[in-house]
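Chemist: Quick one, query-v1.txt (compact mmCIF, C-alpha atoms and all ligand atoms):
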# COMPACT_ATOMS: atom_id res chain seq x y z
CA MET A 1 0.00 0.00 0.00
CA ARG A 2 1.12 3.53 -0.75
CA ILE A 3 -0.18 6.51 1.23
CA ASP A 4 0.49 10.11 0.17
CA ILE A 5 -0.36 12.67 2.83
CA LEU A 6 -0.75 16.37 1.95
CA SER A 7 -0.31 18.91 4.71
CA VAL A 8 0.73 22.49 5.46
CA VAL A 9 2.31 21.31 8.74
CA PRO A 10 4.20 18.17 7.66
CA GLU A 11 6.32 18.26 10.85
CA LEU A 12 3.26 16.95 12.70
CA LEU A 13 3.37 13.79 10.61
CA VAL A 14 6.96 12.75 11.24
CA SER A 15 7.16 10.96 14.58
CA PRO A 16 4.02 8.78 14.31
CA PHE A 17 5.65 7.00 11.36
CA GLU A 18 9.09 6.71 12.93
CA ALA A 19 8.39 4.26 15.72
CA SER A 20 6.84 0.94 16.57
CA ILE A 21 4.43 -0.81 14.17
CA LEU A 22 4.20 1.97 11.58
CA LYS A 23 7.98 2.10 11.30
CA ARG A 24 8.26 -1.68 11.01
CA ALA A 25 5.50 -1.83 8.40
CA GLN A 26 7.49 0.57 6.22
CA GLU A 27 10.77 -1.27 6.78
CA ALA A 28 9.05 -4.52 5.80
CA LYS A 29 7.81 -2.74 2.62
CA ARG A 30 4.16 -3.42 3.49
CA VAL A 31 3.45 0.30 3.23
CA GLU A 32 5.09 3.39 1.77
CA VAL A 33 4.19 6.72 3.37
CA HIS A 34 5.02 9.94 1.50
CA ILE A 35 4.42 13.29 3.15
CA HIS A 36 3.98 16.33 0.91
CA ASN A 37 4.20 19.94 1.99
CA ILE A 38 1.39 21.79 0.20
CA ARG A 39 3.50 24.94 0.42
CA ASP A 40 5.95 23.39 -2.09
CA TYR A 41 3.18 23.58 -4.69
CA SER A 42 2.41 27.26 -4.20
CA SER A 43 3.27 29.40 -7.19
CA ASN A 44 3.05 32.45 -4.96
CA ARG A 45 6.33 34.19 -4.20
CA TYR A 46 5.61 34.04 -0.46
CA LYS A 47 4.60 30.37 -0.66
CA GLN A 48 1.11 31.43 0.38
CA VAL A 49 -1.35 28.55 0.73
CA ASP A 50 -4.29 30.22 2.50
CA ASP A 51 -6.45 33.30 2.04
CA TYR A 52 -9.43 35.11 3.53
CA PRO A 53 -12.87 33.58 2.98
CA TYR A 54 -15.13 35.14 0.34
CA GLY A 55 -18.13 36.68 2.04
CA GLY A 56 -16.16 37.41 5.20
CA GLY A 57 -15.94 35.53 8.47
CA ALA A 58 -13.22 34.44 10.82
CA GLY A 59 -10.27 32.24 9.89
CA MET A 60 -8.29 31.47 6.78
CA VAL A 61 -9.10 28.97 4.04
CA LEU A 62 -6.65 26.68 2.22
CA MET A 63 -6.54 27.69 -1.45
CA ILE A 64 -7.37 25.28 -4.24
CA GLU A 65 -4.36 25.88 -6.53
CA PRO A 66 -1.48 24.36 -4.52
CA ILE A 67 -3.62 21.42 -3.40
CA ALA A 68 -4.85 20.78 -6.96
CA LYS A 69 -1.29 20.90 -8.29
CA CYS A 70 -0.07 18.40 -5.72
CA ILE A 71 -2.98 15.98 -6.23
CA GLU A 72 -2.78 16.25 -10.02
CA SER A 73 0.95 15.58 -10.04
CA LEU A 74 0.43 12.45 -7.92
CA GLN A 75 -2.49 11.26 -10.04
CA ALA A 76 -0.39 11.69 -13.17
CA GLN A 77 2.08 9.16 -11.74
CA ARG A 78 -0.29 6.40 -10.62
CA LYS A 79 -3.93 5.58 -10.16
CA TYR A 80 -5.38 6.26 -6.68
CA ASP A 81 -8.20 4.27 -5.13
CA ALA A 82 -9.29 7.13 -2.89
CA VAL A 83 -8.59 10.78 -2.13
CA VAL A 84 -9.57 11.26 1.51
CA TYR A 85 -10.11 14.58 3.26
CA MET A 86 -9.74 14.59 7.06
CA THR A 87 -12.45 16.84 8.45
CA PRO A 88 -14.66 16.97 11.57
CA ASP A 89 -17.75 16.96 9.34
CA GLY A 90 -16.73 13.71 7.61
CA GLN A 91 -17.97 10.17 8.17
CA GLN A 92 -16.86 8.97 11.58
CA LEU A 93 -13.91 6.56 11.48
CA ASN A 94 -14.57 3.09 12.82
CA GLN A 95 -13.04 -0.38 12.46
CA LYS A 96 -15.15 -1.15 9.39
CA THR A 97 -13.84 1.95 7.61
CA ALA A 98 -10.26 1.05 8.57
CA ASN A 99 -10.74 -2.47 7.18
CA HIS A 100 -12.21 -1.09 3.96
CA PHE A 101 -9.36 1.33 3.29
CA SER A 102 -6.63 -1.11 4.34
CA LEU A 103 -7.41 -3.14 1.19
CA PHE A 104 -6.57 -0.24 -1.13
CA LYS A 105 -3.33 -0.01 -3.08
CA ASN A 106 -2.80 3.77 -3.31
CA ILE A 107 -4.51 6.49 -1.35
CA ILE A 108 -4.09 10.24 -0.93
CA ILE A 109 -4.98 11.86 2.38
CA LEU A 110 -5.50 15.62 2.53
CA CYS A 111 -5.19 17.30 5.92
CA GLY A 112 -7.22 20.45 6.42
CA HIS A 113 -5.91 23.36 8.42
CA TYR A 114 -7.18 26.76 9.56
CA LYS A 115 -10.92 26.92 8.77
CA GLY A 116 -10.61 24.17 6.15
CA VAL A 117 -10.20 23.95 2.39
CA ASP A 118 -11.91 25.77 -0.45
CA GLN A 119 -15.12 23.81 -1.16
CA ARG A 120 -14.03 23.27 -4.78
CA VAL A 121 -11.19 21.00 -3.57
CA ARG A 122 -13.84 18.79 -1.97
CA ASP A 123 -16.09 18.95 -5.02
CA LEU A 124 -13.39 18.22 -7.58
CA PHE A 125 -10.92 15.84 -5.95
CA ILE A 126 -12.18 14.26 -2.75
CA THR A 127 -13.77 10.81 -2.83
CA ASP A 128 -14.18 10.28 0.94
CA GLU A 129 -14.35 12.56 3.99
CA ILE A 130 -13.35 11.12 7.34
CA SER A 131 -13.62 12.43 10.90
CA VAL A 132 -11.98 10.89 13.95
CA GLY A 133 -14.70 12.16 16.25
CA ASP A 134 -17.08 14.96 17.13
CA TYR A 135 -14.47 17.45 18.26
CA VAL A 136 -12.34 19.93 16.36
CA LEU A 137 -8.58 19.48 16.10
CA SER A 138 -6.23 22.26 15.01
CA GLY A 139 -5.71 20.42 11.74
CA GLY A 140 -6.21 17.09 10.03
CA GLU A 141 -2.66 15.84 10.65
CA LEU A 142 -3.22 14.05 13.94
CA ALA A 143 -6.48 12.66 12.57
CA ALA A 144 -4.59 11.40 9.49
CA ALA A 145 -2.02 9.71 11.75
CA VAL A 146 -4.85 7.98 13.64
CA PHE A 147 -6.48 6.86 10.39
CA CYS A 148 -3.16 5.56 8.99
CA ASP A 149 -2.37 3.65 12.19
CA ALA A 150 -5.80 2.00 12.19
CA MET A 151 -5.36 1.01 8.53
CA ILE A 152 -1.71 -0.01 8.45
CA ARG A 153 -1.94 -2.46 11.35
CA LEU A 154 -4.58 -4.35 9.34
CA ILE A 155 -2.37 -4.91 6.30
CA PRO A 156 -1.46 -8.62 6.22
CA GLY A 157 2.05 -9.23 7.48
CA VAL A 158 2.28 -5.97 9.45
CA LEU A 159 1.54 -7.45 12.85
CA GLY A 160 3.88 -10.22 13.96
CA ASN A 161 1.10 -12.45 15.10
CA GLU A 162 -1.43 -12.55 12.24
CA THR A 163 -4.28 -13.23 14.62
CA SER A 164 -3.69 -10.27 16.85
CA ALA A 165 -5.51 -7.74 14.66
CA LEU A 166 -8.39 -10.19 14.40
CA THR A 167 -8.75 -10.28 18.16
CA ASP A 168 -8.65 -6.48 18.56
CA SER A 169 -11.60 -4.72 20.08
CA PHE A 170 -14.27 -3.88 17.45
CA GLN A 171 -12.95 -6.37 14.88
CA ASP A 172 -16.05 -8.52 15.48
CA ASN A 173 -18.13 -5.69 16.93
CA LEU A 174 -17.13 -6.71 20.45
CA LEU A 175 -14.75 -5.08 22.90
CA ALA A 176 -11.68 -7.17 23.71
CA PRO A 177 -11.77 -9.26 26.92
CA PRO A 178 -9.54 -8.35 29.89
CA ILE A 179 -5.89 -9.41 29.56
CA TYR A 180 -3.25 -10.16 32.19
CA THR A 181 0.46 -10.88 32.43
CA ARG A 182 2.90 -11.79 35.22
CA PRO A 183 2.86 -11.73 38.18
CA ALA A 184 -0.13 -14.02 38.74
CA ASP A 185 -0.52 -12.46 42.19
CA TYR A 186 -0.07 -8.71 42.62
CA LYS A 187 -0.46 -7.78 46.30
CA GLY A 188 -3.26 -10.32 46.63
CA HIS A 189 -4.97 -9.38 43.34
CA GLN A 190 -5.08 -12.65 41.44
CA VAL A 191 -5.19 -13.35 37.75
CA PRO A 192 -8.41 -15.33 36.99
CA GLU A 193 -7.56 -18.95 37.65
CA ILE A 194 -8.85 -20.16 34.30
CA LEU A 195 -6.09 -18.28 32.48
CA THR A 196 -3.38 -20.27 34.24
CA SER A 197 -5.23 -23.61 33.88
CA GLY A 198 -3.72 -24.48 30.50
CA ASN A 199 -7.19 -25.50 29.27
CA THR A 200 -7.28 -23.67 25.91
CA PRO A 201 -10.94 -24.35 24.94
CA LYS A 202 -12.06 -23.19 28.38
CA VAL A 203 -9.88 -20.09 28.13
CA GLU A 204 -11.40 -19.30 24.71
CA ARG A 205 -14.92 -19.68 26.09
CA TRP A 206 -14.04 -17.45 29.07
CA ARG A 207 -12.65 -14.79 26.70
CA GLU A 208 -15.80 -14.83 24.57
CA GLU A 209 -17.99 -14.49 27.65
CA LYS A 210 -15.92 -11.62 29.02
CA ALA A 211 -15.92 -9.86 25.64
CA MET A 212 -19.73 -10.12 25.62
CA ASP A 213 -20.05 -8.90 29.24
CA ARG A 214 -17.73 -5.99 28.63
CA THR A 215 -19.50 -4.93 25.44
CA LYS A 216 -22.94 -5.20 27.06
CA LYS A 217 -21.78 -3.09 29.97
CA LEU A 218 -19.64 -0.47 28.24
CA ARG A 219 -20.90 -0.32 24.64
CA PRO A 220 -24.40 -1.80 24.37
CA ASP A 221 -24.80 0.17 21.12
CA LEU A 222 -22.39 -2.25 19.41
CA PHE A 223 -24.90 -5.13 19.63
N1 LIG B 1 -9.63 18.08 11.45
C1 LIG B 1 -9.99 18.81 12.52
N2 LIG B 1 -10.75 18.11 13.36
C2 LIG B 1 -10.86 16.86 12.81
C3 LIG B 1 -11.55 15.69 13.21
N3 LIG B 1 -12.26 15.62 14.33
N4 LIG B 1 -11.44 14.62 12.40
C4 LIG B 1 -10.74 14.68 11.25
N5 LIG B 1 -10.10 15.77 10.83
C5 LIG B 1 -10.15 16.85 11.60
Represent the structure of the file as structure tokens.

Modeler:
Amino acid sequence: MRIDILSVVPELLVSPFEASILKRAQEAKRVEVHIHNIRDYSSNRYKQVDDYPYGGGAGMVLMIEPIAKCIESLQAQRKYDAVVYMTPDGQQLNQKTANHFSLFKNIIILCGHYKGVDQRVRDLFITDEISVGDYVLSGGELAAAVFCDAMIRLIPGVLGNETSALTDSFQDNLLAPPIYTRPADYKGHQVPEILTSGNTPKVERWREEKAMDRTKKLRPDLF
């Protein structure tokens, strides 16, 4: 998979891809992440990328020209399956969306900033609009990092243990069951006995039950 991310604050997108699973996924060539500074596509002498909104109002708006140039130059090089805009008024990200996008070969992700982008960018280039929740971030960069993390960990071969993404919370519309590690006794607080019994079928049944209980209690809406 190849992901091209367009941003006016590319610095915000460095560290999430330089550690842990996202770093390993790139090293293992499961994913290529390319970050583009929209400013590099400005033909303006001052590298201007934003301007005042027509009709007045607070805040600046990202201009269409540099974004269009960047997207068009990428699309001239390869075919993209999706051009995603990160925005609080998009469709809310969930595990199903992450699964869907993780199957794509090439995607572009546009991060908004300031008040957002000129509507014509959305009309002309964007195929999908994604939000990470009903709150407003300073820009789409952190949202894009969240979206990429959720997608990349689902690409086959990215996680060491192939089954571990399948047992994540939400993967089957259930929250994950409680998990424990050593010591078995922490100041009198014991690990459930069943987990140390060595009886795998029983452990599996216990996990399913706990996943159900937890989901019923914490997220009944998932049923
Ligand atoms: N940009 C600003 N806020 C956002 C949000 N909640 N989701 C996605 N992109 C955003």

Chemist: Would you mind listing, for every residue of chain A within 12 Å of ligand LIG 1 (chain B), the two atoms forming the shortest contact and the distance between them in Å to one decimal, using all atoms listed in the file, sorted by chain and ascending residue number, as CSV?

Modeler:
residue,atom,partner,partner_atom,distance
A:Ser7,CA,B:LIG1,N1,11.5
A:Val84,CA,B:LIG1,N5,10.4
A:Tyr85,CA,B:LIG1,N5,7.7
A:Met86,CA,B:LIG1,N5,4.0
A:Thr87,CA,B:LIG1,N5,3.5
A:Pro88,CA,B:LIG1,C3,3.7
A:Asp89,CA,B:LIG1,N4,7.4
A:Gly90,CA,B:LIG1,C4,7.1
A:Gln91,CA,B:LIG1,N4,9.0
A:Gln92,CA,B:LIG1,N4,7.9
A:Leu93,CA,B:LIG1,N4,8.5
A:Asn94,CA,B:LIG1,N4,12.0
A:Ile109,CA,B:LIG1,N5,10.6
A:Leu110,CA,B:LIG1,N5,9.5
A:Cys111,CA,B:LIG1,N5,7.1
A:Gly112,CA,B:LIG1,N1,6.1
A:His113,CA,B:LIG1,N1,7.1
A:Tyr114,CA,B:LIG1,C1,8.9
A:Lys115,CA,B:LIG1,C1,9.0
A:Gly116,CA,B:LIG1,N1,8.1
A:Val117,CA,B:LIG1,N1,10.8
A:Asp128,CA,B:LIG1,C4,11.7
A:Glu129,CA,B:LIG1,C4,8.4
A:Ile130,CA,B:LIG1,C4,5.9
A:Ser131,CA,B:LIG1,N4,3.4
A:Val132,CA,B:LIG1,N4,4.1
A:Gly133,CA,B:LIG1,N3,4.6
A:Asp134,CA,B:LIG1,N3,5.6
A:Tyr135,CA,B:LIG1,N3,4.9
A:Val136,CA,B:LIG1,N2,3.9
A:Leu137,CA,B:LIG1,N2,3.8
A:Ser138,CA,B:LIG1,C1,5.7
A:Gly139,CA,B:LIG1,N1,4.6
A:Gly140,CA,B:LIG1,N1,3.8
A:Glu141,CA,B:LIG1,N1,7.4
A:Leu142,CA,B:LIG1,N5,7.7
A:Ala143,CA,B:LIG1,C4,4.9
A:Ala144,CA,B:LIG1,N5,7.2
A:Ala145,CA,B:LIG1,C4,10.0
A:Val146,CA,B:LIG1,C4,9.2
A:Phe147,CA,B:LIG1,C4,8.9

Chemist: Just checking: using only C-alpha atoms, which residue out of A:Asp168, A:Asp149, A:Asp4, A:Glu208 ends up closest to Ser73 in chain A?

Modeler: A:Asp4

Chemist: To one decimal in Å, tell me the separation between CA of Ala28 in chain A and CA of Leu159 in chain A.

Modeler: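 Between these atoms lies a distance of 10.7 Å.
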
Chemist: Expressed in Å to a single decimal, how great is the separation between CA of Val121 in chain A and CA of Ile64 in chain A?

Modeler: 5.8 Å

Chemist: Of the residues A:Ala176, A:Glu18, A:Asp118, A:Ile126, which is the one nearest to Arg219 in chain A, using only C-alpha atoms?

Modeler: A:Ala176

Chemist: Measure the distance from CA of Gly59 in chain A to CA of Asp40 in chain A in Å and round it to one decimal.

Modeler: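 Computed distance, CA of Gly59 in chain A to CA of Asp40 in chain A, equals 22.0 Å.
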
Chemist: Hey, which of A:Ile67, A:Val49, A:Ile155, A:Thr196 ends up closest to His100 in chain A? Count all atoms listed in the file.

Modeler: A:Ile155

Chemist: Restricting the calculation to all atoms listed in the file, which member of A:Val14, A:Ala98, A:Leu124, A:Val33 is positioned closest to Val83 in chain A?

Modeler: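 Smallest distance to Val83 in chain A is found for A:Leu124.
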
Chemist: Using all atoms listed in the file, find the one residue out of A:Ser43, A:Gln95, A:Ser102, A:Ser169 that sits nearest to Val31 in chain A.

Modeler: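 The closest residue to Val31 in chain A is A:Ser102.
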
Chemist: Hey, what's within 12 Å of Lys47 in chain A if we count only C-alpha atoms and toss same-chain stuff fewer than 4 positions away? As a VMD selection string, please?

Modeler: chain A and resid 8 37 to 43 51 63 65 to 66

Chemist: Residues of the last selection are to be written out with C-alpha atoms, as a compact mmCIF listing (two decimals), keeping the file's coordinate frame.

Modeler:
# COMPACT_ATOMS: atom_id res chain seq x y z
CA VAL A 8 0.73 22.49 5.46
CA ASN A 37 4.20 19.94 1.99
CA ILE A 38 1.39 21.79 0.20
CA ARG A 39 3.50 24.94 0.42
CA ASP A 40 5.95 23.39 -2.09
CA TYR A 41 3.18 23.58 -4.69
CA SER A 42 2.41 27.26 -4.20
CA SER A 43 3.27 29.40 -7.19
CA ASP A 51 -6.45 33.30 2.04
CA MET A 63 -6.54 27.69 -1.45
CA GLU A 65 -4.36 25.88 -6.53
CA PRO A 66 -1.48 24.36 -4.52

Chemist: First collect every listed atom of range 119-128 of chain A; then fit an axis-aligned box around them, widen it by 5 Å on each side, and give centre and edge lengths in Å to one decimal, as JSON.

Modeler:
{"center_x": -13.5, "center_y": 17.0, "center_z": -3.3, "size_x": 15.2, "size_y": 23.5, "size_z": 18.5}

Chemist: Is it possible to add all heavy atoms to range 86-97 of chain A and hand it back as a CSV table (one decimal), keeping the file's coordinate frame?

Modeler:
chain,number,residue,atom,x,y,z
A,86,MET,N,-9.5,14.7,5.6
A,86,MET,CA,-9.7,14.6,7.1
A,86,MET,C,-10.5,15.9,7.5
A,86,MET,O,-9.9,17.0,7.4
A,86,MET,CB,-8.4,14.5,7.8
A,86,MET,CG,-7.5,13.3,7.4
A,86,MET,SD,-8.3,11.7,7.4
A,86,MET,CE,-8.8,11.5,9.0
A,87,THR,N,-11.6,15.7,8.1
A,87,THR,CA,-12.4,16.8,8.4
A,87,THR,C,-13.4,16.5,9.5
A,87,THR,O,-14.0,15.3,9.5
A,87,THR,CB,-13.2,17.4,7.2
A,87,THR,OG1,-14.1,18.5,7.6
A,87,THR,CG2,-14.0,16.4,6.5
A,88,PRO,N,-13.7,17.3,10.5
A,88,PRO,CA,-14.7,17.0,11.6
A,88,PRO,C,-16.1,16.7,11.1
A,88,PRO,O,-16.9,16.1,11.7
A,88,PRO,CB,-14.6,18.2,12.5
A,88,PRO,CG,-13.9,19.3,11.8
A,88,PRO,CD,-13.1,18.7,10.7
A,89,ASP,N,-16.4,17.2,9.8
A,89,ASP,CA,-17.8,17.0,9.3
A,89,ASP,C,-17.8,15.8,8.4
A,89,ASP,O,-18.8,15.6,7.7
A,89,ASP,CB,-18.4,18.2,8.7
A,89,ASP,CG,-17.6,18.8,7.6
A,89,ASP,OD1,-16.6,18.2,7.2
A,89,ASP,OD2,-17.9,19.9,7.2
A,90,GLY,N,-16.7,14.9,8.4
A,90,GLY,CA,-16.7,13.7,7.6
A,90,GLY,C,-17.4,12.5,8.3
A,90,GLY,O,-18.0,12.7,9.4
A,91,GLN,N,-17.4,11.4,7.6
A,91,GLN,CA,-18.0,10.2,8.2
A,91,GLN,C,-17.1,9.7,9.3
A,91,GLN,O,-15.8,9.6,9.1
A,91,GLN,CB,-18.0,9.1,7.0
A,91,GLN,CG,-18.7,7.8,7.4
A,91,GLN,CD,-18.3,6.7,6.4
A,91,GLN,OE1,-17.9,7.0,5.2
A,91,GLN,NE2,-18.3,5.5,6.9
A,92,GLN,N,-17.7,9.3,10.4
A,92,GLN,CA,-16.9,9.0,11.6
A,92,GLN,C,-16.1,7.7,11.4
A,92,GLN,O,-16.7,6.6,11.0
A,92,GLN,CB,-17.7,8.9,12.8
A,92,GLN,CG,-16.8,8.9,14.1
A,92,GLN,CD,-17.5,9.5,15.3
A,92,GLN,OE1,-18.3,10.4,15.2
A,92,GLN,NE2,-17.2,8.9,16.4
A,93,LEU,N,-14.8,7.7,11.6
A,93,LEU,CA,-13.9,6.6,11.5
A,93,LEU,C,-14.3,5.5,12.5
A,93,LEU,O,-14.5,5.7,13.6
A,93,LEU,CB,-12.5,7.0,11.7
A,93,LEU,CG,-11.4,5.9,11.7
A,93,LEU,CD1,-11.3,5.3,10.3
A,93,LEU,CD2,-10.0,6.5,12.1
A,94,ASN,N,-14.4,4.2,11.9
A,94,ASN,CA,-14.6,3.1,12.8
A,94,ASN,C,-13.8,1.9,12.2
A,94,ASN,O,-13.1,2.1,11.2
A,94,ASN,CB,-16.1,2.7,13.0
A,94,ASN,CG,-16.7,2.5,11.7
A,94,ASN,OD1,-16.1,2.1,10.7
A,94,ASN,ND2,-18.0,2.7,11.6
A,95,GLN,N,-13.9,0.8,12.9
A,95,GLN,CA,-13.0,-0.4,12.5
A,95,GLN,C,-13.4,-0.8,11.1
A,95,GLN,O,-12.5,-1.3,10.3
A,95,GLN,CB,-13.2,-1.5,13.5
A,95,GLN,CG,-12.1,-2.6,13.4
A,95,GLN,CD,-10.7,-2.1,13.7
A,95,GLN,OE1,-10.6,-1.1,14.4
A,95,GLN,NE2,-9.7,-2.7,13.1
A,96,LYS,N,-14.7,-0.7,10.7
A,96,LYS,CA,-15.2,-1.2,9.4
A,96,LYS,C,-14.5,-0.3,8.3
A,96,LYS,O,-14.0,-0.8,7.3
A,96,LYS,CB,-16.7,-1.0,9.4
A,96,LYS,CG,-17.3,-1.7,8.2
A,96,LYS,CD,-18.8,-1.9,8.4
A,96,LYS,CE,-19.5,-2.2,7.1
A,96,LYS,NZ,-20.4,-1.1,6.6
A,97,THR,N,-14.5,1.0,8.6
A,97,THR,CA,-13.8,2.0,7.6
A,97,THR,C,-12.4,1.6,7.5
A,97,THR,O,-11.8,1.6,6.4
A,97,THR,CB,-14.0,3.4,8.1
A,97,THR,OG1,-15.2,3.6,8.7
A,97,THR,CG2,-13.8,4.4,7.0
